[in-house]
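Shown here: upload.cif, mmCIF, C-alpha atoms and all ligand atoms.
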```cif
data_target
#
loop_
_atom_site.label_atom_id
_atom_site.label_comp_id
_atom_site.auth_asym_id
_atom_site.auth_seq_id
_atom_site.Cartn_x
_atom_site.Cartn_y
_atom_site.Cartn_z
CA SER A 1303 94.38 76.71 46.16
CA GLU A 1304 91.69 79.38 45.78
CA LEU A 1305 92.80 82.74 47.15
CA ALA A 1306 90.85 83.76 50.28
CA VAL A 1307 89.76 87.41 49.93
CA GLY A 1308 87.65 89.37 52.36
CA ILE A 1309 87.49 91.74 55.32
CA HIS A 1310 90.76 91.98 57.20
CA ASP A 1311 89.74 94.70 59.66
CA LEU A 1312 86.53 96.59 60.40
CA SER A 1313 85.87 99.74 62.41
CA PHE A 1314 83.04 102.24 62.76
CA ARG A 1315 82.54 105.69 64.18
CA THR A 1316 79.47 107.86 64.61
CA THR A 1317 78.56 111.43 65.57
CA SER A 1318 79.17 113.39 68.79
CA PHE A 1319 75.48 113.92 69.58
CA VAL A 1320 72.57 111.56 70.18
CA LEU A 1321 68.81 112.08 70.34
CA HIS A 1322 66.92 109.52 72.40
CA HIS A 1323 63.59 108.34 71.02
CA SER A 1324 62.08 108.94 74.46
CA GLU A 1325 62.87 112.65 73.95
CA LEU A 1326 61.43 112.62 70.41
CA ALA A 1327 58.29 110.90 71.74
CA ARG A 1328 57.98 113.49 74.53
CA HIS A 1329 58.25 116.28 71.96
CA ASN A 1330 55.77 114.94 69.39
CA GLY A 1331 53.36 113.06 71.66
CA THR A 1332 53.99 109.62 70.13
CA ASP A 1333 53.74 106.53 72.36
CA VAL A 1334 57.41 105.67 72.86
CA ALA A 1335 56.53 101.96 72.48
CA LYS A 1336 56.02 102.64 68.78
CA TYR A 1337 59.70 103.57 68.53
CA HIS A 1338 61.12 101.04 70.98
CA LYS A 1339 58.98 98.05 69.98
CA GLY A 1340 57.33 98.96 66.65
CA LEU A 1341 60.55 100.18 64.99
CA GLY A 1342 63.11 98.64 67.36
CA GLN A 1343 64.95 101.96 67.82
CA ARG A 1344 66.20 103.52 71.08
CA SER A 1345 68.18 106.54 69.88
CA MET A 1346 69.75 108.12 66.82
CA SER A 1347 73.09 109.75 66.12
CA VAL A 1348 72.91 113.46 65.30
CA PRO A 1349 75.87 115.16 63.56
CA ALA A 1350 77.44 118.19 65.21
CA ALA A 1351 77.61 121.30 63.00
CA ASP A 1352 81.22 120.51 62.08
CA GLU A 1353 80.67 116.79 61.38
CA ASP A 1354 79.75 115.24 58.04
CA ILE A 1355 80.40 112.09 55.97
CA VAL A 1356 84.05 113.08 55.50
CA THR A 1357 84.86 113.59 59.19
CA MET A 1358 83.08 110.35 60.17
CA ALA A 1359 84.76 108.42 57.33
CA ALA A 1360 88.24 109.62 58.32
CA ALA A 1361 87.55 108.87 62.00
CA ALA A 1362 86.37 105.32 61.13
CA ALA A 1363 89.38 104.60 58.89
CA LEU A 1364 92.05 106.10 61.19
CA PRO A 1365 92.33 103.01 63.48
CA LEU A 1366 92.77 100.75 60.43
CA VAL A 1367 95.59 102.88 59.05
CA ARG A 1368 97.21 103.00 62.51
CA ARG A 1369 97.09 99.21 62.89
CA HIS A 1370 98.12 98.15 59.37
CA GLY A 1371 100.01 101.18 58.04
CA PRO A 1372 99.18 103.05 54.84
CA ASP A 1373 101.77 101.50 52.52
CA ARG A 1374 99.79 98.60 51.05
CA ILE A 1375 96.66 100.64 50.35
CA ARG A 1376 96.30 101.17 46.59
CA THR A 1377 92.63 102.10 46.42
CA VAL A 1378 90.12 103.98 48.57
CA VAL A 1379 86.44 103.49 47.73
CA LEU A 1380 83.95 105.60 49.66
CA ALA A 1381 80.29 104.71 49.33
CA THR A 1382 77.69 107.30 50.30
CA GLU A 1383 74.27 108.64 49.40
CA SER A 1384 74.79 111.87 51.35
CA SER A 1385 77.65 113.15 49.25
CA VAL A 1386 79.14 116.64 49.82
CA ASP A 1387 80.12 117.34 46.19
CA GLN A 1388 78.72 116.43 42.78
CA SER A 1389 82.18 115.97 41.25
CA LYS A 1390 85.01 115.49 43.74
CA ALA A 1391 85.15 112.15 45.57
CA ALA A 1392 84.76 112.67 49.33
CA GLY A 1393 87.45 110.02 49.77
CA ILE A 1394 90.09 112.51 48.57
CA TYR A 1395 89.50 114.63 51.69
CA VAL A 1396 89.78 111.43 53.75
CA HIS A 1397 92.99 110.50 51.91
CA SER A 1398 94.39 113.91 52.83
CA LEU A 1399 93.23 113.89 56.48
CA LEU A 1400 94.77 110.42 56.98
CA GLY A 1401 98.02 111.35 55.21
CA LEU A 1402 97.78 108.41 52.78
CA PRO A 1403 100.47 108.03 50.09
CA PRO A 1404 99.85 109.67 46.68
CA HIS A 1405 100.05 106.48 44.57
CA ILE A 1406 96.45 105.52 45.25
CA ARG A 1407 93.18 105.65 43.31
CA VAL A 1408 90.24 107.22 45.12
CA VAL A 1409 86.62 106.99 43.96
CA GLU A 1410 83.09 107.44 45.27
CA VAL A 1411 80.32 104.90 44.70
CA LYS A 1412 76.55 105.48 44.87
CA GLN A 1413 73.43 103.34 44.82
CA ALA A 1414 71.52 104.35 47.95
CA CYS A 1415 72.29 102.08 50.93
CA TYR A 1416 73.62 99.33 48.64
CA GLY A 1417 76.73 101.33 47.59
CA ALA A 1418 79.12 99.89 50.17
CA THR A 1419 78.42 96.33 49.04
CA ALA A 1420 79.24 97.31 45.46
CA ALA A 1421 82.43 98.90 46.85
CA LEU A 1422 83.26 95.68 48.68
CA GLN A 1423 82.87 93.66 45.47
CA PHE A 1424 85.02 96.17 43.57
CA ALA A 1425 87.65 95.86 46.31
CA ALA A 1426 87.58 92.05 46.26
CA GLY A 1427 88.08 92.10 42.48
CA LEU A 1428 91.11 94.38 42.83
CA VAL A 1429 92.64 92.13 45.49
CA HIS A 1430 92.16 89.08 43.24
CA GLN A 1431 94.02 91.07 40.56
CA ASP A 1432 96.94 91.89 42.90
CA PRO A 1433 96.80 90.00 46.23
CA THR A 1434 99.59 92.09 47.80
CA GLN A 1435 97.41 95.22 47.98
CA HIS A 1436 94.93 96.45 50.57
CA VAL A 1437 91.75 98.28 49.55
CA LEU A 1438 90.16 100.69 52.00
CA VAL A 1439 86.37 100.62 51.69
CA ILE A 1440 84.40 103.22 53.63
CA ALA A 1441 80.64 103.52 53.98
CA SER A 1442 79.61 106.91 55.39
CA ASP A 1443 76.17 108.48 55.60
CA VAL A 1444 73.93 110.94 57.38
CA SER A 1445 70.27 109.93 57.14
CA ARG A 1446 68.03 112.99 57.12
CA TYR A 1447 64.27 113.19 56.57
CA ASP A 1448 62.00 116.20 57.01
CA LEU A 1449 61.24 117.28 60.57
CA ASP A 1450 57.86 115.93 61.75
CA SER A 1451 57.69 113.35 58.92
CA PRO A 1452 57.23 109.58 59.52
CA GLY A 1453 60.83 109.03 58.42
CA GLU A 1454 62.16 111.32 61.17
CA ALA A 1455 62.29 108.52 63.74
CA THR A 1456 64.49 106.44 61.41
CA GLN A 1457 67.34 108.95 61.00
CA GLY A 1458 70.91 108.33 62.14
CA ALA A 1459 74.54 108.63 61.01
CA ALA A 1460 77.75 106.59 61.01
CA ALA A 1461 80.73 105.51 58.96
CA ALA A 1462 82.13 101.98 58.71
CA ALA A 1463 85.64 101.38 57.36
CA MET A 1464 86.87 98.02 56.10
CA LEU A 1465 90.25 96.89 54.92
CA VAL A 1466 89.87 94.31 52.14
CA SER A 1467 92.82 91.97 51.60
CA ALA A 1468 93.96 88.47 50.73
CA ASP A 1469 94.14 86.00 53.64
CA PRO A 1470 91.82 88.23 55.73
CA ALA A 1471 91.76 88.08 59.54
CA LEU A 1472 87.97 88.45 59.97
CA LEU A 1473 85.86 87.19 57.07
CA GLU A 1474 86.27 85.50 53.73
CA LEU A 1475 83.71 86.44 51.10
CA SER A 1476 82.78 83.23 49.36
CA GLY A 1477 80.35 81.66 46.92
CA PRO A 1478 77.89 83.27 44.55
CA SER A 1479 75.99 86.52 44.95
CA GLY A 1480 72.21 86.68 44.84
CA LEU A 1481 71.32 89.84 42.93
CA TYR A 1482 68.10 91.78 42.28
CA THR A 1483 67.39 95.13 40.63
CA ALA A 1484 63.92 96.67 40.29
CA ASP A 1485 63.11 100.23 39.16
CA VAL A 1486 60.97 101.47 42.08
CA MET A 1487 60.46 104.97 43.54
CA ASP A 1488 60.45 103.96 47.20
CA PHE A 1489 63.09 106.38 48.46
CA TRP A 1490 65.15 109.01 46.63
CA ARG A 1491 66.77 112.42 47.05
CA PRO A 1492 66.77 114.84 44.09
CA ASN A 1493 69.96 116.92 43.76
CA TYR A 1494 68.20 120.06 45.02
CA ARG A 1495 67.08 118.53 48.32
CA ALA A 1496 68.93 118.10 51.63
CA THR A 1497 66.39 115.59 52.93
CA ALA A 1498 65.25 112.31 51.39
CA LEU A 1499 61.78 111.69 49.96
CA VAL A 1500 60.25 108.35 50.82
CA ASP A 1501 57.11 106.32 50.34
CA GLY A 1502 57.46 104.44 53.64
CA LYS A 1503 55.05 101.59 53.02
CA LYS A 1504 56.28 101.06 49.47
CA SER A 1505 59.89 101.04 50.71
CA VAL A 1506 59.17 98.25 53.19
CA THR A 1507 57.42 96.14 50.53
CA ALA A 1508 60.23 96.76 48.03
CA TYR A 1509 62.81 95.76 50.67
CA LEU A 1510 60.99 92.53 51.55
CA ASP A 1511 60.48 91.67 47.83
CA ALA A 1512 64.22 92.14 47.34
CA VAL A 1513 65.01 89.77 50.24
CA GLU A 1514 63.04 86.95 48.61
CA ASN A 1515 64.32 87.68 45.11
CA THR A 1516 68.03 87.90 46.03
CA TRP A 1517 67.68 84.71 48.05
CA ARG A 1518 66.07 82.87 45.11
CA ASP A 1519 68.89 84.03 42.81
CA TYR A 1520 71.51 83.08 45.42
CA ARG A 1521 70.15 79.55 45.71
CA GLN A 1522 69.74 79.12 41.95
CA ARG A 1523 73.42 79.95 41.57
CA GLY A 1524 74.47 77.21 43.98
CA GLY A 1525 74.44 79.17 47.26
CA LEU A 1526 74.25 77.45 50.64
CA PRO A 1527 70.91 76.44 52.23
CA LEU A 1528 69.59 78.71 55.01
CA GLU A 1529 70.37 76.12 57.76
CA GLU A 1530 74.09 76.72 57.09
CA PHE A 1531 73.88 80.34 58.29
CA ARG A 1532 74.53 81.08 61.96
CA SER A 1533 73.18 84.59 61.45
CA VAL A 1534 72.03 86.91 58.69
CA CYS A 1535 73.09 90.55 58.88
CA TYR A 1536 70.49 92.72 57.18
CA HIS A 1537 70.52 96.33 56.14
CA GLN A 1538 68.69 97.84 59.14
CA PRO A 1539 66.94 101.17 58.42
CA TYR A 1540 65.24 100.26 61.70
CA THR A 1541 66.00 97.03 63.44
CA ARG A 1542 62.46 95.54 63.42
CA LEU A 1543 62.69 95.33 59.64
CA ALA A 1544 65.48 92.74 59.94
CA PHE A 1545 63.09 90.51 61.92
CA LYS A 1546 60.36 90.92 59.29
CA ALA A 1547 62.90 90.11 56.58
CA HIS A 1548 64.21 87.00 58.26
CA ARG A 1549 60.72 85.78 59.02
CA ALA A 1550 59.86 86.15 55.31
CA LEU A 1551 63.02 84.26 54.35
CA LEU A 1552 62.39 81.40 56.77
CA GLU A 1553 58.79 81.09 55.56
CA ALA A 1554 59.92 81.14 51.91
CA CYS A 1555 62.27 78.25 52.78
CA GLY A 1556 59.47 76.36 54.54
CA ALA A 1557 61.30 76.68 57.89
CA ARG A 1558 59.87 77.52 61.32
CA ALA A 1559 59.84 81.29 61.94
CA ASP A 1560 59.23 81.18 65.71
CA GLU A 1561 60.48 83.91 68.05
CA GLU A 1562 63.35 81.79 69.38
CA THR A 1563 64.75 81.08 65.91
CA LEU A 1564 64.49 84.75 64.95
CA HIS A 1565 66.05 85.90 68.22
CA HIS A 1566 68.99 83.47 67.92
CA ALA A 1567 69.80 84.60 64.37
CA LEU A 1568 69.15 88.34 64.65
CA ALA A 1569 69.48 89.63 68.22
CA PRO A 1570 73.31 89.62 68.00
CA THR A 1571 73.15 91.91 64.92
CA THR A 1572 70.99 94.83 66.07
CA GLY A 1573 72.82 96.32 69.10
CA TYR A 1574 74.59 99.16 67.29
CA ASN A 1575 71.87 100.04 64.79
CA GLU A 1576 69.18 100.36 67.46
CA VAL A 1577 71.16 103.16 69.15
CA VAL A 1578 72.83 104.73 66.07
CA GLY A 1579 69.79 104.74 63.77
CA ASN A 1580 69.89 104.39 60.01
CA SER A 1581 73.38 104.97 58.66
CA TYR A 1582 72.36 103.96 55.10
CA THR A 1583 75.48 102.43 53.45
CA ALA A 1584 77.10 101.71 56.83
CA SER A 1585 74.03 100.09 58.43
CA LEU A 1586 74.69 96.52 57.19
CA TYR A 1587 78.31 96.76 58.30
CA LEU A 1588 77.32 97.94 61.78
CA ALA A 1589 75.08 94.86 61.91
CA LEU A 1590 78.04 92.72 60.87
CA THR A 1591 80.30 94.35 63.47
CA ALA A 1592 77.72 93.64 66.17
CA ALA A 1593 77.38 90.00 65.05
CA LEU A 1594 81.15 89.44 65.15
CA GLU A 1595 81.40 91.00 68.60
CA ASN A 1596 78.30 89.39 70.13
CA CYS A 1597 78.28 85.79 68.84
CA ARG A 1598 80.93 83.85 70.74
CA ASP A 1599 80.82 80.81 68.47
CA LEU A 1600 81.51 82.11 64.98
CA GLU A 1601 84.87 80.54 64.04
CA GLY A 1602 84.47 78.70 60.74
CA ARG A 1603 80.76 79.56 60.65
CA THR A 1604 78.90 81.30 57.85
CA VAL A 1605 77.04 84.57 58.16
CA GLY A 1606 74.79 86.02 55.45
CA LEU A 1607 74.89 89.66 54.37
CA PHE A 1608 71.76 91.20 52.86
CA SER A 1609 72.34 94.59 51.29
CA TYR A 1610 69.44 96.75 50.04
CA GLY A 1611 69.59 100.13 48.36
CA SER A 1612 66.30 101.83 47.50
CA GLY A 1613 65.57 102.49 43.92
CA SER A 1614 66.48 99.54 44.04
CA VAL A 1615 69.43 97.15 44.01
CA ALA A 1616 69.95 94.29 46.46
CA GLU A 1617 72.55 91.58 47.01
CA PHE A 1618 72.86 88.55 49.27
CA ILE A 1619 76.33 87.14 49.98
CA ALA A 1620 77.86 84.64 52.37
CA ALA A 1621 80.95 85.22 54.47
CA GLN A 1622 83.00 82.62 56.36
CA VAL A 1623 84.34 83.73 59.71
CA ARG A 1624 88.09 83.12 59.97
CA PRO A 1625 89.80 81.23 62.80
CA GLY A 1626 91.20 83.57 65.47
CA TYR A 1627 88.98 86.48 64.36
CA ARG A 1628 88.15 87.54 67.93
CA SER A 1629 91.60 88.95 68.66
CA HIS A 1630 91.19 91.44 65.78
CA LEU A 1631 87.87 92.95 66.93
CA ARG A 1632 87.46 96.48 68.27
CA ALA A 1633 84.47 96.10 70.58
CA ASP A 1634 85.78 98.52 73.24
CA GLU A 1635 86.38 101.32 70.73
CA HIS A 1636 82.93 100.85 69.27
CA GLN A 1637 81.22 100.84 72.66
CA GLU A 1638 83.08 104.02 73.51
CA ALA A 1639 82.07 105.72 70.23
CA VAL A 1640 78.43 104.99 70.99
CA ASN A 1641 78.45 105.56 74.76
CA THR A 1642 80.34 108.88 74.81
CA ARG A 1643 77.87 110.69 72.53
CA GLN A 1644 76.29 113.66 74.23
CA ALA A 1645 72.49 113.55 74.53
CA VAL A 1646 70.69 116.55 73.03
CA ASP A 1647 67.12 117.69 73.56
CA CYS A 1648 64.65 118.14 70.71
CA GLU A 1649 65.21 121.87 70.54
CA THR A 1650 68.97 121.43 69.96
CA TYR A 1651 68.41 118.56 67.52
CA ARG A 1652 65.91 120.60 65.50
CA ALA A 1653 68.28 123.57 65.34
CA LEU A 1654 71.08 121.28 64.08
CA HIS A 1655 68.67 119.72 61.57
CA ARG A 1656 67.71 123.15 60.22
CA HIS A 1657 71.31 124.41 60.14
CA ALA A 1658 72.23 124.90 56.48
CA LEU A 1659 75.65 125.80 55.09
CA PRO A 1660 75.74 128.95 52.93
CA THR A 1661 75.57 128.34 49.18
CA ASP A 1662 76.79 131.78 48.01
CA GLY A 1663 80.55 131.23 48.41
CA ARG A 1664 81.00 133.60 51.37
CA SER A 1665 83.48 132.58 54.07
CA TYR A 1666 81.84 130.74 56.94
CA GLU A 1667 83.43 129.31 60.09
CA LEU A 1668 81.82 126.32 61.80
CA PRO A 1669 81.57 126.23 65.60
CA HIS A 1670 83.87 123.64 67.17
CA GLN A 1671 81.43 121.03 68.48
CA THR A 1672 82.78 117.62 67.48
CA ARG A 1673 84.60 115.33 69.91
CA GLY A 1674 86.01 113.35 66.98
CA PRO A 1675 89.53 113.58 65.53
CA PHE A 1676 88.57 115.60 62.40
CA ARG A 1677 86.25 118.50 61.70
CA LEU A 1678 84.79 120.61 58.93
CA ALA A 1679 86.34 123.93 59.95
CA ALA A 1680 85.04 126.36 57.32
CA LEU A 1681 83.69 127.09 53.88
CA ARG A 1682 85.74 129.45 51.71
CA ASP A 1683 85.22 130.26 48.02
CA HIS A 1684 82.80 127.33 47.72
CA GLN A 1685 85.46 124.99 49.16
CA ARG A 1686 85.17 122.79 52.24
CA ILE A 1687 88.09 123.19 54.65
CA TYR A 1688 88.72 120.16 56.86
CA GLU A 1689 91.24 119.92 59.70
CA ALA A 1690 92.40 117.69 62.54
CA ALA A 1691 90.28 118.72 65.54
N1 LIG B 1701 53.36 100.09 70.46
C1 LIG B 1701 54.00 99.12 69.76
N2 LIG B 1701 54.08 99.12 68.40
C2 LIG B 1701 53.52 100.16 67.73
C3 LIG B 1701 52.85 101.19 68.40
C4 LIG B 1701 52.77 101.14 69.84
N3 LIG B 1701 52.17 102.11 70.53
N4 LIG B 1701 52.38 102.07 67.48
C5 LIG B 1701 52.75 101.58 66.27
N5 LIG B 1701 53.44 100.43 66.43
C6 LIG B 1701 54.03 99.58 65.37
C7 LIG B 1701 53.14 99.43 64.17
O1 LIG B 1701 52.17 98.40 64.37
C8 LIG B 1701 54.14 99.09 63.10
O2 LIG B 1701 54.50 97.74 63.19
P1 LIG B 1701 54.33 96.78 61.91
O3 LIG B 1701 55.31 97.34 60.90
O4 LIG B 1701 54.74 95.45 62.41
O5 LIG B 1701 52.93 96.90 61.45
C9 LIG B 1701 55.38 99.92 63.50
O6 LIG B 1701 55.17 100.27 64.87
C10 LIG B 1701 55.54 101.19 62.68
O7 LIG B 1701 54.32 101.86 62.71
P2 LIG B 1701 53.73 102.60 61.42
O8 LIG B 1701 53.85 101.70 60.23
O9 LIG B 1701 52.40 103.16 61.75
O10 LIG B 1701 54.83 103.76 61.31
P3 LIG B 1701 54.93 104.99 60.34
O11 LIG B 1701 53.74 105.16 59.48
O12 LIG B 1701 55.33 106.11 61.21
O13 LIG B 1701 56.13 104.57 59.36
C11 LIG B 1701 58.19 103.87 58.51
C12 LIG B 1701 57.20 103.73 59.65
C13 LIG B 1701 57.50 103.57 57.17
C14 LIG B 1701 59.33 102.89 58.69
C15 LIG B 1701 58.73 105.33 58.50
O14 LIG B 1701 59.48 105.54 59.65
C16 LIG B 1701 59.59 105.65 57.30
O15 LIG B 1701 59.10 106.04 56.25
N6 LIG B 1701 60.96 105.51 57.42
C17 LIG B 1701 61.88 105.75 56.33
C18 LIG B 1701 61.84 104.67 55.27
C19 LIG B 1701 62.45 103.35 55.70
O16 LIG B 1701 63.24 103.26 56.63
N7 LIG B 1701 62.11 102.30 54.95
C20 LIG B 1701 62.69 100.99 55.18
C21 LIG B 1701 62.86 100.20 53.88
S1 LIG B 1701 63.73 101.21 52.67
C22 LIG B 1701 65.40 100.94 53.00
O17 LIG B 1701 65.74 99.98 53.62
C23 LIG B 1701 66.37 101.94 52.48
C24 LIG B 1701 66.67 102.92 53.56
O18 LIG B 1701 67.60 102.72 54.33
C25 LIG B 1701 65.85 104.11 53.67
#
```

For this file, write the structure as structure tokens.
Amino acid sequence: SELAVGIHDLSFRTTSFVLHHSELARHNGTDVAKYHKGLGQRSMSVPAADEDIVTMAAAAALPLVRRHGPDRIRTVVLATESSVDQSKAAGIYVHSLLGLPPHIRVVEVKQACYGATAALQFAAGLVHQDPTQHVLVIASDVSRYDLDSPGEATQGAAAAAMLVSADPALLELSGPSGLYTADVMDFWRPNYRATALVDGKKSVTAYLDAVENTWRDYRQRGGLPLEEFRSVCYHQPYTRLAFKAHRALLEACGARADEETLHHALAPTTGYNEVVGNSYTASLYLALTAALENCRDLEGRTVGLFSYGSGSVAEFIAAQVRPGYRSHLRADEHQEAVNTRQAVDCETYRALHRHALPTDGRSYELPHQTRGPFRLAALRDHQRIYEAA
């Protein structure tokens, strides 16, 4: 009579603007095939001036609160590596925008792109402690590298919100975790910088090392063999990396890594990330959303989740898809969030990229650009003022 704990509902939202890689290629003279085929990316979400991790997080969580009500939520955990404050948890603004009850704990979690998986484990532990409660886990990030750097083509932004509960409608988290931590400077962002620093080649090697090492730990702790997994959802800084990762895993298991096997396992997982770009903490959960929506045959099947956060911490976990999960999905909303973004040209994107909020405490009003339900309206006395849009 083990308690089933896992993801009861899952929703994501992204920004109002999108930059197509064809436009980036036109601007910088790169062969667009490098982006489309080499990286597996078609476009990337670009935040409007009045959008940030808080507005995306609240927009992603709103449908969950509407469907399930706020009353059972006792904890909000927001994972991000593009935080807006060094002290206050961004989730408190989200709590306020969503009108959640006061008898709730709200915290922020950070370890690069891995943070949301730590948040999910924290949430599962809380639900085991009191199975009547819901925990709202939100992953929200804006990925920003320097203009004209190699990382530029792997930017993006999104927030994924998950309700964690007992007897979940979508997925049960089950079995051991495979874990791996290695102190490596592959990607980081010092407090004084708005854009990340990255050693691209080192980051790819560190990621692939972590895939093999988490898998080894997962198996040593009694985890399922790879044949049991219908699909593996990887953290996807760019979607081609998931294919490299799965190939490495298959080869490590002595299995055939032909194109058909890779396509069957991974093609259902990449649809959102190839048009949204890297959303750091949310990326894995956009891959999971895509897998749930695209594979028709998942009832009772197992999917793997591989979470990687530079620096680095990684985890591999298995999730069992629950019977009847399809009627709880939100595919139409997600398609709409992605398809209604407004395309911008490179000039507009570069101006938005350069746009910096004042740091001297003077009052500053943001232009109303977002099409989402919440916006960052102003800065006053060093405070961020959010409002319903
Ligand atoms: N047609 C088809 N393919 C082409 C091509 C063309 N005309 N030109 C190049 N390619 C291929 C290359 O062969 C290469 O493929 P392989 O990886 O299979 O060799 C691919 O396109 C990329 O080309 P380069 O390696 O030359 O690209 P780059 O030097 O511009 O760097 C990058 C790519 C390292 C990913 C860079 O975009 C970057 O630094 N991004 C940020 C870091 C990142 O995302 N790291 C991922 C792991 S870290 C992580 O997971 C945490 C996180 O979220 C950041």

Using only C-alpha atoms, which protein or nucleic acid residues come within 10 Å of Leu1526 (chain A)? Drop anything in the same chain fewer than 5 positions from it, and give the result as a PyMOL selection string. chain A and resi 1477-1478+1520-1521+1531+1604+1606+1619-1620

Can I get the selected residues back with C-alpha atoms, as a PDB file, keeping the file's coordinate frame?
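That gives us out-v2.pdb:
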```pdb
ATOM      1  CA  GLY A1477      80.350  81.660  46.920  1.00  0.00           C
ATOM      2  CA  PRO A1478      77.890  83.270  44.550  1.00  0.00           C
ATOM      3  CA  TYR A1520      71.510  83.080  45.420  1.00  0.00           C
ATOM      4  CA  ARG A1521      70.150  79.550  45.710  1.00  0.00           C
ATOM      5  CA  PHE A1531      73.880  80.340  58.290  1.00  0.00           C
ATOM      6  CA  THR A1604      78.900  81.300  57.850  1.00  0.00           C
ATOM      7  CA  GLY A1606      74.790  86.020  55.450  1.00  0.00           C
ATOM      8  CA  ILE A1619      76.330  87.140  49.980  1.00  0.00           C
ATOM      9  CA  ALA A1620      77.860  84.640  52.370  1.00  0.00           C
TER      10      ALA A1620
END
```

Dig up all the protein and nucleic acid residues within 10 Å of (88.0, 88.1, 63.2) in the file frame, using all atoms listed in the file, and format them as an MDAnalysis selection string. chainID A and resid 1309:1312 1470:1474 1591 1594:1595 1600:1601 1623:1632

Quick one: residues within 8 Å of ligand LIG 1701 (chain B), with only C-alpha atoms and all ligand atoms, as a ChimeraX atom specification? /A:1332-1341,1414-1415,1447,1451-1457,1488-1489,1500-1509,1537-1540,1542-1543,1546,1580-1583,1610-1612

Which is closest to Ala1359 (chain A) among A:Arg1523, A:Arg1677, A:His1430, A:Arg1656, if we use only C-alpha atoms?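 Once distances to Ala1359 (chain A) are computed over only C-alpha atoms, the minimum belongs to A:Arg1677.
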
Might you pull out every residue within 12 Å of Val1466 (chain A), with all atoms listed in the file counted and same-chain residues fewer than 5 positions away left off, and present them as a PyMOL selection string? chain A and resi 1306-1312+1366+1370+1374-1379+1421-1430+1432-1440+1471-1475

Quick one: residues within 6 Å of (76.6, 114.7, 71.6) (file frame), counting only C-alpha atoms, please, as a PyMOL selection string. chain A and resi 1318-1320+1643-1645

Could you pull region 1549-1574 of chain A out of the structure just shown and give C-alpha atoms as a PDB file, in the first residue's frame?
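Below is the file selection.pdb, written as the result:
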```
ATOM      1  CA  ARG A1549      23.046   7.609 -28.136  1.00  0.00           C
ATOM      2  CA  ALA A1550      25.713   7.624 -25.397  1.00  0.00           C
ATOM      3  CA  LEU A1551      23.317   5.899 -22.998  1.00  0.00           C
ATOM      4  CA  LEU A1552      22.331   3.202 -25.483  1.00  0.00           C
ATOM      5  CA  GLU A1553      25.984   2.542 -26.313  1.00  0.00           C
ATOM      6  CA  ALA A1554      26.893   2.383 -22.608  1.00  0.00           C
ATOM      7  CA  CYS A1555      24.152  -0.256 -22.221  1.00  0.00           C
ATOM      8  CA  GLY A1556      25.452  -2.195 -25.228  1.00  0.00           C
ATOM      9  CA  ALA A1557      22.209  -1.491 -27.143  1.00  0.00           C
ATOM     10  CA  ARG A1558      21.758  -0.485 -30.788  1.00  0.00           C
ATOM     11  CA  ALA A1559      21.841   3.306 -31.228  1.00  0.00           C
ATOM     12  CA  ASP A1560      20.423   3.445 -34.767  1.00  0.00           C
ATOM     13  CA  GLU A1561      18.431   6.431 -36.043  1.00  0.00           C
ATOM     14  CA  GLU A1562      15.089   4.628 -35.761  1.00  0.00           C
ATOM     15  CA  THR A1563      15.601   3.756 -32.083  1.00  0.00           C
ATOM     16  CA  LEU A1564      16.683   7.308 -31.295  1.00  0.00           C
ATOM     17  CA  HIS A1565      13.790   8.818 -33.251  1.00  0.00           C
ATOM     18  CA  HIS A1566      11.195   6.590 -31.550  1.00  0.00           C
ATOM     19  CA  ALA A1567      12.434   7.502 -28.054  1.00  0.00           C
ATOM     20  CA  LEU A1568      13.231  11.188 -28.520  1.00  0.00           C
ATOM     21  CA  ALA A1569      11.247  12.780 -31.365  1.00  0.00           C
ATOM     22  CA  PRO A1570       8.092  13.024 -29.193  1.00  0.00           C
ATOM     23  CA  THR A1571      10.041  15.043 -26.577  1.00  0.00           C
ATOM     24  CA  THR A1572      11.581  17.883 -28.596  1.00  0.00           C
ATOM     25  CA  GLY A1573       8.628  19.735 -30.192  1.00  0.00           C
ATOM     26  CA  TYR A1574       8.325  22.546 -27.648  1.00  0.00           C
TER      27      TYR A1574
END
```
